[in-house]
There are 2 protein chains.
Amino acid sequence: MSETFVVVGGDAAGMSAASKARREDPDLDVVVFEKGDWVSYAACGMPYYVKGDVDSLDDLVQVTPDEFRTERDIDLRTNHEVVGIDPEARTVTVAADDDRFEQPYDQLLVATGARAIEPPFDGMGLEGVFTIHDMDEADAIHTHVTESHPETAAIVGGGYVGIEMAEALASRGLDVHLFEMLPHVLQPFGESVAEVVEDHLRDRGVELHLDTPVEGFGGEDNVTAVDLESGTVPADIVVVGVGVEPNAELAADAGIEVGETGAIATDEYGRTNYETVFAAGDCAEATNVVTGEPDHVPLALTANRSGRAIGQTVTGTPTPVGGTAGTAIVKAFDLGAARTGILDESRAREAGFDPVSVEITAPTRAHYYPGAEELTVTLVADRDSERVLGASVVGREGVKRIDTVATALHSGLTVPDVEQLDLAYAPPFSPVWDPVATAARVLSGSLERPE
Amino acid sequence: MSETFVVVGGDAAGMSAASKARREDPDLDVVVFEKGDWVSYAACGMPYYVKGDVDSLDDLVQVTPDEFRTERDIDLRTNHEVVGIDPEARTVTVAADDDRFEQPYDQLLVATGARAIEPPFDGMGLEGVFTIHDMDEADAIHTHVTESHPETAAIVGGGYVGIEMAEALASRGLDVHLFEMLPHVLQPFGESVAEVVEDHLRDRGVELHLDTPVEGFGGEDNVTAVDLESGTVPADIVVVGVGVEPNAELAADAGIEVGETGAIATDEYGRTNYETVFAAGDCAEATNVVTGEPDHVPLALTANRSGRAIGQTVTGTPTPVGGTAGTAIVKAFDLGAARTGILDESRAREAGFDPVSVEITAPTRAHYYPGAEELTVTLVADRDSERVLGASVVGREGVKRIDTVATALHSGLTVPDVEQLDLAYAPPFSPVWDPVATAARVLSGSLERPE
């Protein structure tokens, strides 16, 4: 009798695992339960659908449900919600329409993802107030903008989703106000990035309200205003993007261990406290490559990669899911900003490091070459070991350079190591010293101790 | 009495060393002899001066001779040629105008650079035939194009200088023929890059003559034709770019050891077989980070970095010069191409590896995001150890991704390591799996042994 691999959740982690397991073991029964309609979609592309750069939501779907069923021979059941897990009996309880049934499994992957945090604001239920975490929401925002012709948008939250939605709605011709309760946008990217991005957002007409907590939204049926302590700001569409939280309740209710981050705790193979139960994607923790500690970084690459690794592990080839460096990159109009590793000083201290950092600005190309732009690089290292802990970059081009530091973090490279990297140089692509190497060179100077 | 640090050669390596040594030790006498007029110039920018992207040769000068003298307090003597070294007596013999004198040193840096190879072609002396390795030559080509209005250019050599000059002269409106004796251009970049570049050069109107050795040049005073075995091709300007060779004779004549590559042999601090004599830049060897063997990679970054390190070492802080990965990048019209490490199969075998490689093509951005271009990535690894040996990339954007692999080479990362790198993803910047990670993923599959 063939074994059964059950996957809960049909997005990046779940479908990567299902596809890989199917390819590795043609005899395995692979069953995926997805509570909604959409599977395997690029959530990160949704702001560009709203903006109009992407014509159709279908363009964001990598593989359709039918293709999974017919071409990949995966028993994919959309509109099927897993409502319970019994890890001792190795069954899940599935609800679909009026039906409810038990599905036995030999191995289980929990890939339930994350959901947009819905703050307890007054007026969250008004017409024209949206969060954005799934395709139906993206569709609703797009429809609202196209059909109701709102003129003034309020974005609540200055994280990357907030920034991307600010660009999207401004590009659709709306006046955009962005509200952030902290002193700066893009908190995980650090202040040096935030200040450059904030200047650029203002240049592009976005009205920034920093240090400004939102209290709620006003209006009868349709939203008409954002309520602040200091008064109200008119708005006829609101997008709330204040972060996501892991869908870990299903697992927690079943006795599957949840970590301090609130996401499902896993080992290096993505295994939970139950031998036959795995977790991956936005609902699960991953190991931070800098601190070695569990972290919750709900991003697409981690989900895809860990899903794929688990697909190999459940078919007999134990494969580590890999760590996370917390690498992220975001476009804000003409700017790019990226970060990796540990930038926050207090977080570095908590992890036992003595952080020292440098911020430099260098051209993206040879200074004499046409089109050179300024790139600001912040590099953080541990004073004693000289090990690189993290970095951020911001500029109009060349921000994928963050990958150099992300790679260095995986290898535990020191600042002098990074200074000596043989990075690519020709005038159209870089100055002789790549800005990342320049940052290392300058930081190296400040690491030198008096003799 | 203060010590004297003498530098022979005033370009990247020499001036980096002089500047760093001066900053580290204000009491040191720092004397630089440069046989020409130009110091500290960006030779890599010369094709863009010829093309017209850079207005003046002076723009390519990083720091002027006067600035070195007055602001950096360096005793820089241009038009002073060092014609002899006596490592036992610790003196150099200097020729300037009709003068000739001995200069004692405590420590010496030989940074004599490299020169363009001048093949023994008939007609090398004709008007309109140029090599391009220094600023005077760049100036002469620029003047010739501007004043003599040549219509048809012949570029001899399909290396990066040849490609860059083809772009420069085509952009000035000339018909360009490019002659390469090997079957492909850009030999160190490998075939997969060469084929893409060749197609693009042809698209942009460059007539390629591959597998075509040049025998000489015809003409009375001015060049009029390129002579081939099979006939002649008309040309009223010729640029010969068939590589460079190290200026190692001065050192060799003094008993300073020259390596198998023909460049000056050095240890990890850039020291020659004489304790007080260092060598750096295009005249010196560097250690290849993949093979651990001496290599000769005459590129700007290596020169700058090793010069700087030697400036620290001679002032009492021993600093390794760092290795080379042979990283290079070149623009060819709208394309970029880059390479790092060991790509050549026979060279990998010589170094004791069993090379296995993969070539993939992936988009530079999310497939649905506007402006995504195709990037071709070739990744080479050792079959047994799975260690990454080298890579190339070619495409219309995103070729700085080679830095990810260059960084991996410095750390000795394996293919599964690269597959697990947490590289930056957002739709405008990359697909979820960065093309480099995709190449690693595919190569990983072919490394798996049957069980």
# chains A, B, ... in the order shown; residues from 1 in each chain; ligands from 1
>>> closest_atom_pairs(of="chain A", to="chain B", cutoff="8 Å", atoms="only C-alpha atoms", output="Markdown table")
| residue | atom | partner | partner_atom | distance |
| --- | --- | --- | --- | --- |
| A:Cys44 | CA | B:Pro427 | CA | 6.7 |
| A:Gly45 | CA | B:Pro427 | CA | 6.2 |
| A:Tyr48 | CA | B:Tyr369 | CA | 7.9 |
| A:Asp53 | CA | B:Pro370 | CA | 6.7 |
| A:Val54 | CA | B:Tyr368 | CA | 6.6 |
| A:Asp59 | CA | B:Tyr368 | CA | 6.2 |
| A:Leu60 | CA | B:Tyr368 | CA | 6.8 |
| A:Ala300 | CA | B:Val432 | CA | 6.7 |
| A:Leu301 | CA | B:Val432 | CA | 5.6 |
| A:Thr302 | CA | B:Asp422 | CA | 7.6 |
| A:Arg305 | CA | B:Gln420 | CA | 7.5 |
| A:Val321 | CA | B:Gln420 | CA | 7.9 |
| A:Gly322 | CA | B:Gln420 | CA | 5.6 |
| A:Gly323 | CA | B:Gln420 | CA | 7.5 |
| A:Thr324 | CA | B:Asp422 | CA | 5.9 |
| A:Ala325 | CA | B:Asp422 | CA | 5.9 |
| A:Gly326 | CA | B:Asp422 | CA | 7.4 |
| A:Thr327 | CA | B:Ala424 | CA | 5.5 |
| A:Ala328 | CA | B:Ala424 | CA | 5.4 |
| A:Ile329 | CA | B:Ala424 | CA | 5.7 |
| A:Val330 | CA | B:Ala426 | CA | 6.3 |
| A:Lys331 | CA | B:Pro428 | CA | 7.0 |
| A:Ala338 | CA | B:Ala424 | CA | 7.5 |
| A:Tyr368 | CA | B:Asp59 | CA | 6.2 |
| A:Tyr369 | CA | B:Val54 | CA | 6.7 |
| A:Pro370 | CA | B:Asp53 | CA | 6.7 |
| A:Lys400 | CA | B:Ala424 | CA | 6.8 |
| A:Arg401 | CA | B:Lys400 | CA | 7.6 |
| A:Ile402 | CA | B:Ala424 | CA | 7.1 |
| A:Asp403 | CA | B:Leu423 | CA | 5.3 |
| A:Thr404 | CA | B:Thr404 | CA | 5.2 |
| A:Ala406 | CA | B:Asp422 | CA | 6.4 |
| A:Thr407 | CA | B:Leu421 | CA | 6.2 |
| A:Ala408 | CA | B:Thr407 | CA | 6.7 |
| A:His410 | CA | B:Leu421 | CA | 6.9 |
| A:Ser411 | CA | B:Ser411 | CA | 6.2 |
| A:Leu413 | CA | B:Ser411 | CA | 7.7 |
| A:Gln420 | CA | B:Gly322 | CA | 5.6 |
| A:Leu421 | CA | B:Thr407 | CA | 6.2 |
| A:Asp422 | CA | B:Ala325 | CA | 5.8 |
| A:Leu423 | CA | B:Asp403 | CA | 5.3 |
| A:Ala424 | CA | B:Ala328 | CA | 5.4 |
| A:Tyr425 | CA | B:Ile329 | CA | 6.1 |
| A:Ala426 | CA | B:Ile329 | CA | 6.0 |
| A:Pro427 | CA | B:Gly45 | CA | 6.2 |
| A:Pro428 | CA | B:Lys331 | CA | 7.1 |
| A:Phe429 | CA | B:Lys400 | CA | 7.2 |
| A:Val432 | CA | B:Leu301 | CA | 5.5 |
| A:Trp433 | CA | B:Leu301 | CA | 6.6 |
>>> residues_around(residues="Leu443 (chain A)", least_positions_apart="3", cutoff="9 Å", atoms="only C-alpha atoms", output="mmCIF file with N, CA and C atoms, in the first residue's frame")
data_model
loop_
_atom_site.group_PDB
_atom_site.id
_atom_site.type_symbol
_atom_site.label_atom_id
_atom_site.label_comp_id
_atom_site.auth_asym_id
_atom_site.auth_seq_id
_atom_site.Cartn_x
_atom_site.Cartn_y
_atom_site.Cartn_z
ATOM 1 N N VAL A 356 29.130 47.259 15.665
ATOM 2 C CA VAL A 356 29.730 48.512 15.229
ATOM 3 C C VAL A 356 29.338 48.649 13.760
ATOM 4 N N SER A 357 29.020 49.873 13.336
ATOM 5 C CA SER A 357 28.516 49.999 11.981
ATOM 6 C C SER A 357 29.087 51.224 11.296
ATOM 7 N N VAL A 358 28.950 51.234 9.984
ATOM 8 C CA VAL A 358 29.405 52.362 9.192
ATOM 9 C C VAL A 358 28.379 52.600 8.100
ATOM 10 N N GLU A 359 28.231 53.849 7.714
ATOM 11 C CA GLU A 359 27.361 54.195 6.590
ATOM 12 C C GLU A 359 28.189 54.965 5.579
ATOM 13 N N LEU A 379 26.863 48.971 6.863
ATOM 14 C CA LEU A 379 27.403 47.646 7.150
ATOM 15 C C LEU A 379 27.587 47.527 8.655
ATOM 16 N N VAL A 380 27.129 46.417 9.227
ATOM 17 C CA VAL A 380 27.197 46.203 10.671
ATOM 18 C C VAL A 380 28.043 44.971 10.941
ATOM 19 N N ALA A 381 28.928 45.065 11.923
ATOM 20 C CA ALA A 381 29.780 43.929 12.266
ATOM 21 C C ALA A 381 29.928 43.831 13.778
ATOM 22 N N VAL A 415 34.752 41.384 8.264
ATOM 23 C CA VAL A 415 34.866 42.635 7.508
ATOM 24 C C VAL A 415 36.112 42.627 6.603
ATOM 25 N N PRO A 416 37.291 42.221 7.110
ATOM 26 C CA PRO A 416 38.441 42.146 6.196
ATOM 27 C C PRO A 416 38.221 41.158 5.046
ATOM 28 N N THR A 438 33.801 49.024 -0.305
ATOM 29 C CA THR A 438 34.164 50.315 0.292
ATOM 30 C C THR A 438 33.648 50.404 1.724
ATOM 31 N N ALA A 439 32.402 49.978 1.916
ATOM 32 C CA ALA A 439 31.853 49.993 3.278
ATOM 33 C C ALA A 439 32.708 49.123 4.201
ATOM 34 N N ALA A 440 33.110 47.959 3.703
ATOM 35 C CA ALA A 440 33.949 47.066 4.508
ATOM 36 C C ALA A 440 35.299 47.713 4.803
ATOM 37 N N SER A 446 37.638 51.385 11.355
ATOM 38 C CA SER A 446 37.134 51.709 12.688
ATOM 39 C C SER A 446 37.187 50.503 13.624
ATOM 40 N N LEU A 447 37.472 49.318 13.054
ATOM 41 C CA LEU A 447 37.625 48.130 13.902
ATOM 42 C C LEU A 447 39.045 48.013 14.456
ATOM 43 N N GLU A 448 39.971 48.690 13.760
ATOM 44 C CA GLU A 448 41.361 48.590 14.203
ATOM 45 C C GLU A 448 41.518 49.198 15.597
#
>>> select_by_dssp(residues="region 103-196 of chain A", states="helix (DSSP H, G or I)", output="MDAnalysis selection string")
chainID A and resid 135:148 160:171 187:189 191:196
>>> closest_residue(among="B:Thr261, B:Asn247, B:Thr272, B:Thr376", to="Val297 (chain B)", atoms="only C-alpha atoms")
B:Thr261
>>> residues_around(residues="Asp73 (chain A)", least_positions_apart="5", cutoff="9 Å", atoms="only C-alpha atoms", output="VMD selection string")
chain A and resid 19 22 26 30 67 to 68
>>> write_last_selection(atoms="N, CA and C atoms", output="PDB file, in the first residue's frame")
ATOM      1  N   SER A  19       5.021  19.217  -5.066  1.00  0.00           N
ATOM      2  CA  SER A  19       5.597  18.977  -6.392  1.00  0.00           C
ATOM      3  C   SER A  19       6.897  18.190  -6.291  1.00  0.00           C
ATOM      4  N   ARG A  22       6.240  14.574  -5.204  1.00  0.00           N
ATOM      5  CA  ARG A  22       5.687  13.808  -6.332  1.00  0.00           C
ATOM      6  C   ARG A  22       6.790  13.406  -7.303  1.00  0.00           C
ATOM      7  N   PRO A  26       7.097   8.642  -7.310  1.00  0.00           N
ATOM      8  CA  PRO A  26       5.865   8.530  -8.098  1.00  0.00           C
ATOM      9  C   PRO A  26       4.799   7.658  -7.422  1.00  0.00           C
ATOM     10  N   VAL A  30      -0.036  12.108  -2.885  1.00  0.00           N
ATOM     11  CA  VAL A  30       0.179  13.482  -2.426  1.00  0.00           C
ATOM     12  C   VAL A  30      -1.157  14.216  -2.457  1.00  0.00           C
ATOM     13  N   GLU A  67      -3.264  22.304 -13.673  1.00  0.00           N
ATOM     14  CA  GLU A  67      -1.945  21.795 -14.034  1.00  0.00           C
ATOM     15  C   GLU A  67      -1.374  20.921 -12.909  1.00  0.00           C
ATOM     16  N   PHE A  68      -1.599  21.348 -11.662  1.00  0.00           N
ATOM     17  CA  PHE A  68      -1.131  20.507 -10.550  1.00  0.00           C
ATOM     18  C   PHE A  68      -1.800  19.138 -10.600  1.00  0.00           C
TER      19      PHE A  68
END
>>> residues_around(residues="region 157-159 of chain B", least_positions_apart="6", cutoff="6 Å", atoms="only C-alpha atoms", output="list in words")
Phe179, Glu180, Val185, Leu186, Gly241 and Val242 of chain B
>>> residues_around(residues="Glu245 (chain A)", least_positions_apart="6", cutoff="8 Å", atoms="only C-alpha atoms", output="compact mmCIF listing (two decimals) with N, CA, C and O atoms, in the first residue's frame")
# COMPACT_ATOMS: atom_id res chain seq x y z
N ALA A 114 0.45 32.90 6.60
CA ALA A 114 0.24 33.97 7.57
C ALA A 114 -0.96 34.79 7.09
O ALA A 114 -1.45 34.61 5.99
N ARG A 115 -1.43 35.64 7.96
CA ARG A 115 -2.55 36.52 7.58
C ARG A 115 -2.19 37.95 7.92
O ARG A 115 -1.37 38.21 8.82
N ALA A 116 -2.81 38.89 7.21
CA ALA A 116 -2.60 40.29 7.53
C ALA A 116 -3.15 40.58 8.92
O ALA A 116 -4.24 40.13 9.27
N ILE A 117 -2.37 41.28 9.71
CA ILE A 117 -2.86 41.69 11.03
C ILE A 117 -3.98 42.71 10.83
O ILE A 117 -3.84 43.65 10.04
N GLY A 262 5.85 33.08 17.83
CA GLY A 262 4.44 32.86 17.50
C GLY A 262 4.24 31.95 16.31
O GLY A 262 3.11 31.57 15.98
N CYS A 283 4.00 30.26 8.18
CA CYS A 283 3.49 29.83 9.49
C CYS A 283 4.60 29.28 10.37
O CYS A 283 4.36 28.97 11.54
>>> residues_around(residues="Gly9 (chain B)", least_positions_apart="4", cutoff="6 Å", atoms="only C-alpha atoms", output="number ranges by chain")
B: 14, 33-34, 111-112
>>> select_by_dssp(residues="region 191-412 of chain A", states="strand (DSSP E)", output="JSON, numbers by chain")
{"A": [207, 208, 209, 214, 215, 216, 217, 218, 219, 223, 224, 225, 226, 227, 228, 231, 232, 233, 234, 237, 238, 239, 240, 244, 245, 246, 277, 278, 279, 286, 287, 294, 295, 328, 329, 330, 331, 332, 335, 336, 337, 338, 339, 340, 341, 355, 356, 357, 358, 359, 360, 361, 362, 363, 374, 375, 376, 377, 378, 379, 380, 381, 382, 388, 389, 390, 391, 392, 393, 394, 395]}
>>> atom_distance(atom1="CA of Ala279 (chain A)", atom2="CA of Glu260 (chain A)")
15.5 Å
>>> atom_distance(atom1="CA of Gly205 (chain B)", atom2="CA of Ile155 (chain B)")
13.6 Å
>>> closest_residue(among="B:Ile163, B:Val50, B:Val8, B:Ala252", to="Arg77 (chain B)", atoms="only C-alpha atoms")
B:Val8
>>> atom_distance(atom1="CA of Arg172 (chain B)", atom2="CA of His149 (chain B)")
9.8 Å
